[in-house]
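Undergrad: What follows is a single structure, and I will ask about it in a moment.
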Amino acid sequence: MGGVARIAGHGNAQRWAWLHAGLGGGDVLEVVAAVARRPTMRWLPPLPMLQLRIGGTDWPRDPLLTAPLLRARIGLPDWSVVGGGARRRVRIDVTQDPVDCVSLSYTDPDGATATCTNTERATVDVVVERRTGVRRFEVEHRWHLDRTGHAEVGTRP
């Protein structure tokens, strides 16, 4: 939990969210969204990276290239990620019910404090749409996880 909220080359994150969701049938979704602690960067929106494995195939092929096309809204008890590439788009809504969460405050090695709120019982809604024409999308996949997602949100004062 929390103690590994590190952004390569930028230290520990200012705020972050992550999700692991087993979607069934071997399909899985992983999401990490974070904001760096550097003074000029901490006011930027969170940069989300996601990896969705459907039927043994990963989307997107390169999460780092797709990250700028995604938007994350980090908060509690709800957070979300939306966006996508040329052919697909995704909407992920996560709810971390406070009753099912554990919050832990800790101190980084540099003395900064943080609080992470973690649950293994998050409710997750995922919709993946595929482009079918100009400005037209059709739902390709839809999942609803009723309190079976593993999620965390981290914040700093």
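A note on labels: chains of the structure tokens are A, B, ... as shown, every chain counts residues from 1, and ligands are counted from 1 in their shown order.
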Counting only C-alpha atoms, what is within 10 Å of Ala86 in chain A, bar same-chain residues fewer than 5 positions away, as a ChimeraX atom specification?

TA: /A:66,69,130-131

Undergrad: For Glu30 in chain A, find every residue with an atom within 8 Å (counting only C-alpha atoms), except residues of its own chain fewer than 4 positions away, and show them as a list in words.

TA: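 Near neighbours after the sequence-gap exclusion: Trp18, Leu19, His20, Ala21, Leu50, Gln51 and Leu52 of chain A.
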
Undergrad: What does the structure give for the distance between CA of Ile54 in chain A and CA of Gly83 in chain A, in Å to one decimal?

TA: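 Going from CA of Ile54 in chain A over to CA of Gly83 in chain A, I get 17.7 Å.
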
Undergrad: Could you please determine the separation between CA of Pro68 in chain A and CA of Asp146 in chain A in Å, to one decimal place?

TA: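 So the two atoms, CA of Pro68 in chain A and CA of Asp146 in chain A, lie 29.1 Å apart.
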
Undergrad: So, counting only C-alpha atoms, which residue among A:Pro46, A:Gly149, A:Pro98, A:Pro157 is closest to Arg121 in chain A?

TA: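 Between A:Pro46, A:Gly149, A:Pro98, A:Pro157, the residue approaching Arg121 in chain A most closely is A:Gly149.
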
Undergrad: Looking at A:Trp143, A:Trp59, A:Tyr106, A:Trp79, which one is nearest to Arg156 in chain A, with distances taken over only C-alpha atoms?

TA: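 Smallest distance to Arg156 in chain A is found for A:Tyr106.
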
Undergrad: Could you pull out the helix (DSSP H, G or I) residues of range 49-156 of chain A, going by DSSP on the backbone, and write them as a list in words?

TA: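 Matching residues for helix (DSSP H, G or I) in range 49-156 of chain A are Pro63, Leu64, Leu65, Thr66, Ala67, Pro68, Leu69, Pro98, Val99 and Asp100 of chain A.
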
Undergrad: Using N, CA, C and O atoms, can you export the residues from the last selection as a PDB file, in the first residue's frame?

TA:
```
ATOM      1  N   PRO A  63       0.808   1.828 -23.367  1.00  0.00           N
ATOM      2  CA  PRO A  63       0.091   2.688 -22.411  1.00  0.00           C
ATOM      3  C   PRO A  63       0.695   4.087 -22.280  1.00  0.00           C
ATOM      4  O   PRO A  63      -0.030   5.051 -22.062  1.00  0.00           O
ATOM      5  N   LEU A  64       2.000   4.218 -22.428  1.00  0.00           N
ATOM      6  CA  LEU A  64       2.631   5.527 -22.287  1.00  0.00           C
ATOM      7  C   LEU A  64       2.224   6.469 -23.423  1.00  0.00           C
ATOM      8  O   LEU A  64       2.003   7.658 -23.200  1.00  0.00           O
ATOM      9  N   LEU A  65       2.088   5.944 -24.641  1.00  0.00           N
ATOM     10  CA  LEU A  65       1.666   6.779 -25.764  1.00  0.00           C
ATOM     11  C   LEU A  65       0.193   7.174 -25.668  1.00  0.00           C
ATOM     12  O   LEU A  65      -0.200   8.234 -26.136  1.00  0.00           O
ATOM     13  N   THR A  66      -0.614   6.329 -25.053  1.00  0.00           N
ATOM     14  CA  THR A  66      -2.046   6.610 -24.921  1.00  0.00           C
ATOM     15  C   THR A  66      -2.344   7.501 -23.723  1.00  0.00           C
ATOM     16  O   THR A  66      -3.360   8.202 -23.704  1.00  0.00           O
ATOM     17  N   ALA A  67      -1.465   7.528 -22.729  1.00  0.00           N
ATOM     18  CA  ALA A  67      -1.709   8.277 -21.499  1.00  0.00           C
ATOM     19  C   ALA A  67      -2.139   9.731 -21.723  1.00  0.00           C
ATOM     20  O   ALA A  67      -3.080  10.195 -21.070  1.00  0.00           O
ATOM     21  N   PRO A  68      -1.516  10.490 -22.633  1.00  0.00           N
ATOM     22  CA  PRO A  68      -1.947  11.882 -22.809  1.00  0.00           C
ATOM     23  C   PRO A  68      -3.363  12.025 -23.375  1.00  0.00           C
ATOM     24  O   PRO A  68      -3.950  13.100 -23.319  1.00  0.00           O
ATOM     25  N   LEU A  69      -3.917  10.936 -23.909  1.00  0.00           N
ATOM     26  CA  LEU A  69      -5.266  10.971 -24.468  1.00  0.00           C
ATOM     27  C   LEU A  69      -6.331  10.597 -23.439  1.00  0.00           C
ATOM     28  O   LEU A  69      -7.519  10.561 -23.750  1.00  0.00           O
ATOM     29  N   PRO A  98     -16.421   4.152   1.819  1.00  0.00           N
ATOM     30  CA  PRO A  98     -15.626   4.339   3.043  1.00  0.00           C
ATOM     31  C   PRO A  98     -15.757   3.187   4.043  1.00  0.00           C
ATOM     32  O   PRO A  98     -14.811   2.889   4.771  1.00  0.00           O
ATOM     33  N   VAL A  99     -16.899   2.520   4.059  1.00  0.00           N
ATOM     34  CA  VAL A  99     -17.102   1.397   4.981  1.00  0.00           C
ATOM     35  C   VAL A  99     -16.145   0.249   4.672  1.00  0.00           C
ATOM     36  O   VAL A  99     -15.744  -0.492   5.563  1.00  0.00           O
ATOM     37  N   ASP A 100     -15.775   0.105   3.397  1.00  0.00           N
ATOM     38  CA  ASP A 100     -14.921  -1.000   2.959  1.00  0.00           C
ATOM     39  C   ASP A 100     -13.456  -0.597   2.803  1.00  0.00           C
ATOM     40  O   ASP A 100     -12.666  -1.372   2.249  1.00  0.00           O
TER      41      ASP A 100
END
```

Undergrad: Mind checking which residues fall within 9 Å of Asp108 in chain A, counting only C-alpha atoms, ignoring those fewer than 4 positions away in the same chain, and posting them as a list in words?

TA: Gly3, Asn12, Ala112, Thr113 and Ala114 of chain A

Undergrad: Find the residue from A:Asp58, A:Asp110, A:Glu129, A:Glu140 that sits nearest to Val90 in chain A; use only C-alpha atoms when measuring.

TA: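 Among the listed residues, the smallest separation from Val90 in chain A belongs to A:Glu129.
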
Undergrad: Using DSSP secondary structure from the backbone, list all strand (DSSP E or B) positions within chain A, as a ChimeraX atom specification.

TA: /A:6-7,11-24,27-36,47-54,57-59,70-73,78-84,88-95,102-107,113-133,136-155

Undergrad: Give me a file of those residues, with C-alpha atoms, as a CSV table (one decimal), in the first residue's frame.

TA:
```
chain,number,residue,atom,x,y,z
A,6,ARG,CA,6.9,6.6,-7.0
A,7,ILE,CA,7.2,8.4,-10.3
A,11,GLY,CA,10.1,11.1,-6.5
A,12,ASN,CA,6.9,10.1,-4.8
A,13,ALA,CA,3.6,11.2,-6.2
A,14,GLN,CA,1.6,14.2,-4.9
A,15,ARG,CA,-1.6,12.3,-5.4
A,16,TRP,CA,-2.4,9.0,-7.1
A,17,ALA,CA,-5.0,6.4,-7.8
A,18,TRP,CA,-4.6,2.8,-8.9
A,19,LEU,CA,-7.0,-0.1,-9.7
A,20,HIS,CA,-6.7,-3.8,-10.3
A,21,ALA,CA,-9.9,-5.3,-11.6
A,22,GLY,CA,-10.3,-8.9,-12.6
A,23,LEU,CA,-13.1,-8.7,-15.2
A,24,GLY,CA,-13.7,-12.5,-15.6
A,27,ASP,CA,-9.8,-10.4,-18.8
A,28,VAL,CA,-8.1,-7.8,-16.5
A,29,LEU,CA,-7.8,-4.0,-16.1
A,30,GLU,CA,-4.9,-2.2,-14.5
A,31,VAL,CA,-4.9,1.6,-14.0
A,32,VAL,CA,-2.4,4.0,-12.4
A,33,ALA,CA,-2.9,7.7,-12.4
A,34,ALA,CA,-0.5,10.1,-10.6
A,35,VAL,CA,0.7,13.7,-10.3
A,36,ALA,CA,4.3,14.5,-9.5
A,47,LEU,CA,-1.6,11.3,-16.0
A,48,PRO,CA,-3.4,8.0,-16.2
A,49,MET,CA,-1.9,4.8,-17.7
A,50,LEU,CA,-4.1,1.8,-18.3
A,51,GLN,CA,-3.7,-1.7,-19.6
A,52,LEU,CA,-6.8,-3.7,-20.5
A,53,ARG,CA,-6.4,-7.4,-21.4
A,54,ILE,CA,-9.3,-8.8,-23.3
A,57,THR,CA,-4.9,-9.1,-26.3
A,58,ASP,CA,-3.7,-5.9,-24.6
A,59,TRP,CA,-5.1,-2.5,-25.2
A,70,LEU,CA,-6.8,9.9,-21.1
A,71,ARG,CA,-8.1,12.1,-18.3
A,72,ALA,CA,-8.3,11.1,-14.7
A,73,ARG,CA,-10.3,12.7,-11.9
A,78,ASP,CA,-15.3,8.2,-6.4
A,79,TRP,CA,-12.7,8.6,-9.1
A,80,SER,CA,-12.7,8.0,-12.9
A,81,VAL,CA,-10.6,7.7,-16.1
A,82,VAL,CA,-12.0,8.6,-19.5
A,83,GLY,CA,-10.6,8.9,-23.0
A,84,GLY,CA,-9.0,6.8,-25.7
A,88,ARG,CA,-11.4,2.9,-29.0
A,89,ARG,CA,-12.4,4.9,-26.0
A,90,VAL,CA,-12.9,3.9,-22.4
A,91,ARG,CA,-14.8,5.1,-19.3
A,92,ILE,CA,-13.8,3.7,-15.9
A,93,ASP,CA,-15.8,4.7,-12.8
A,94,VAL,CA,-14.5,3.5,-9.4
A,95,THR,CA,-16.3,3.9,-6.1
A,102,VAL,CA,-8.6,1.2,5.2
A,103,SER,CA,-6.8,4.5,5.4
A,104,LEU,CA,-3.2,4.6,6.4
A,105,SER,CA,-1.0,7.7,7.1
A,106,TYR,CA,2.7,7.3,6.6
A,107,THR,CA,5.9,9.3,6.3
A,113,THR,CA,3.5,12.7,4.9
A,114,ALA,CA,0.8,11.0,2.9
A,115,THR,CA,-2.4,9.1,3.4
A,116,CYS,CA,-3.6,6.2,1.2
A,117,THR,CA,-7.1,4.8,1.2
A,118,ASN,CA,-7.2,1.3,0.0
A,119,THR,CA,-10.0,-1.3,-0.6
A,120,GLU,CA,-10.3,-4.7,-2.0
A,121,ARG,CA,-14.1,-4.1,-2.4
A,122,ALA,CA,-14.3,-1.3,-4.9
A,123,THR,CA,-17.3,-1.0,-7.2
A,124,VAL,CA,-16.1,-0.6,-10.8
A,125,ASP,CA,-17.9,0.2,-14.0
A,126,VAL,CA,-16.0,-0.2,-17.3
A,127,VAL,CA,-17.3,0.7,-20.8
A,128,VAL,CA,-15.1,0.1,-23.9
A,129,GLU,CA,-16.4,1.5,-27.1
A,130,ARG,CA,-15.1,1.0,-30.7
A,131,ARG,CA,-15.3,3.6,-33.4
A,132,THR,CA,-17.8,2.6,-36.1
A,133,GLY,CA,-17.9,5.8,-38.1
A,136,ARG,CA,-20.0,7.2,-33.9
A,137,PHE,CA,-19.0,4.7,-31.3
A,138,GLU,CA,-20.6,1.4,-30.3
A,139,VAL,CA,-20.2,-0.4,-27.0
A,140,GLU,CA,-17.8,-3.2,-27.5
A,141,HIS,CA,-17.5,-4.4,-23.8
A,142,ARG,CA,-19.1,-3.5,-20.6
A,143,TRP,CA,-18.3,-4.7,-17.1
A,144,HIS,CA,-19.8,-4.0,-13.7
A,145,LEU,CA,-17.9,-5.2,-10.7
A,146,ASP,CA,-19.9,-5.1,-7.5
A,147,ARG,CA,-17.4,-4.6,-4.7
A,148,THR,CA,-14.7,-6.9,-6.2
A,149,GLY,CA,-12.1,-4.3,-7.5
A,150,HIS,CA,-8.9,-3.6,-5.7
A,151,ALA,CA,-8.3,0.2,-5.6
A,152,GLU,CA,-6.3,2.9,-3.8
A,153,VAL,CA,-6.3,6.7,-3.7
A,154,GLY,CA,-3.3,8.5,-2.1
A,155,THR,CA,-3.2,12.2,-1.1
```

Undergrad: For a test of reading the model, state the distance in Å between CA of Asp97 in chain A and CA of Pro77 in chain A, rounded to one decimal.

TA: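 Result for CA of Asp97 in chain A versus CA of Pro77 in chain A: 6.0 Å, one decimal.
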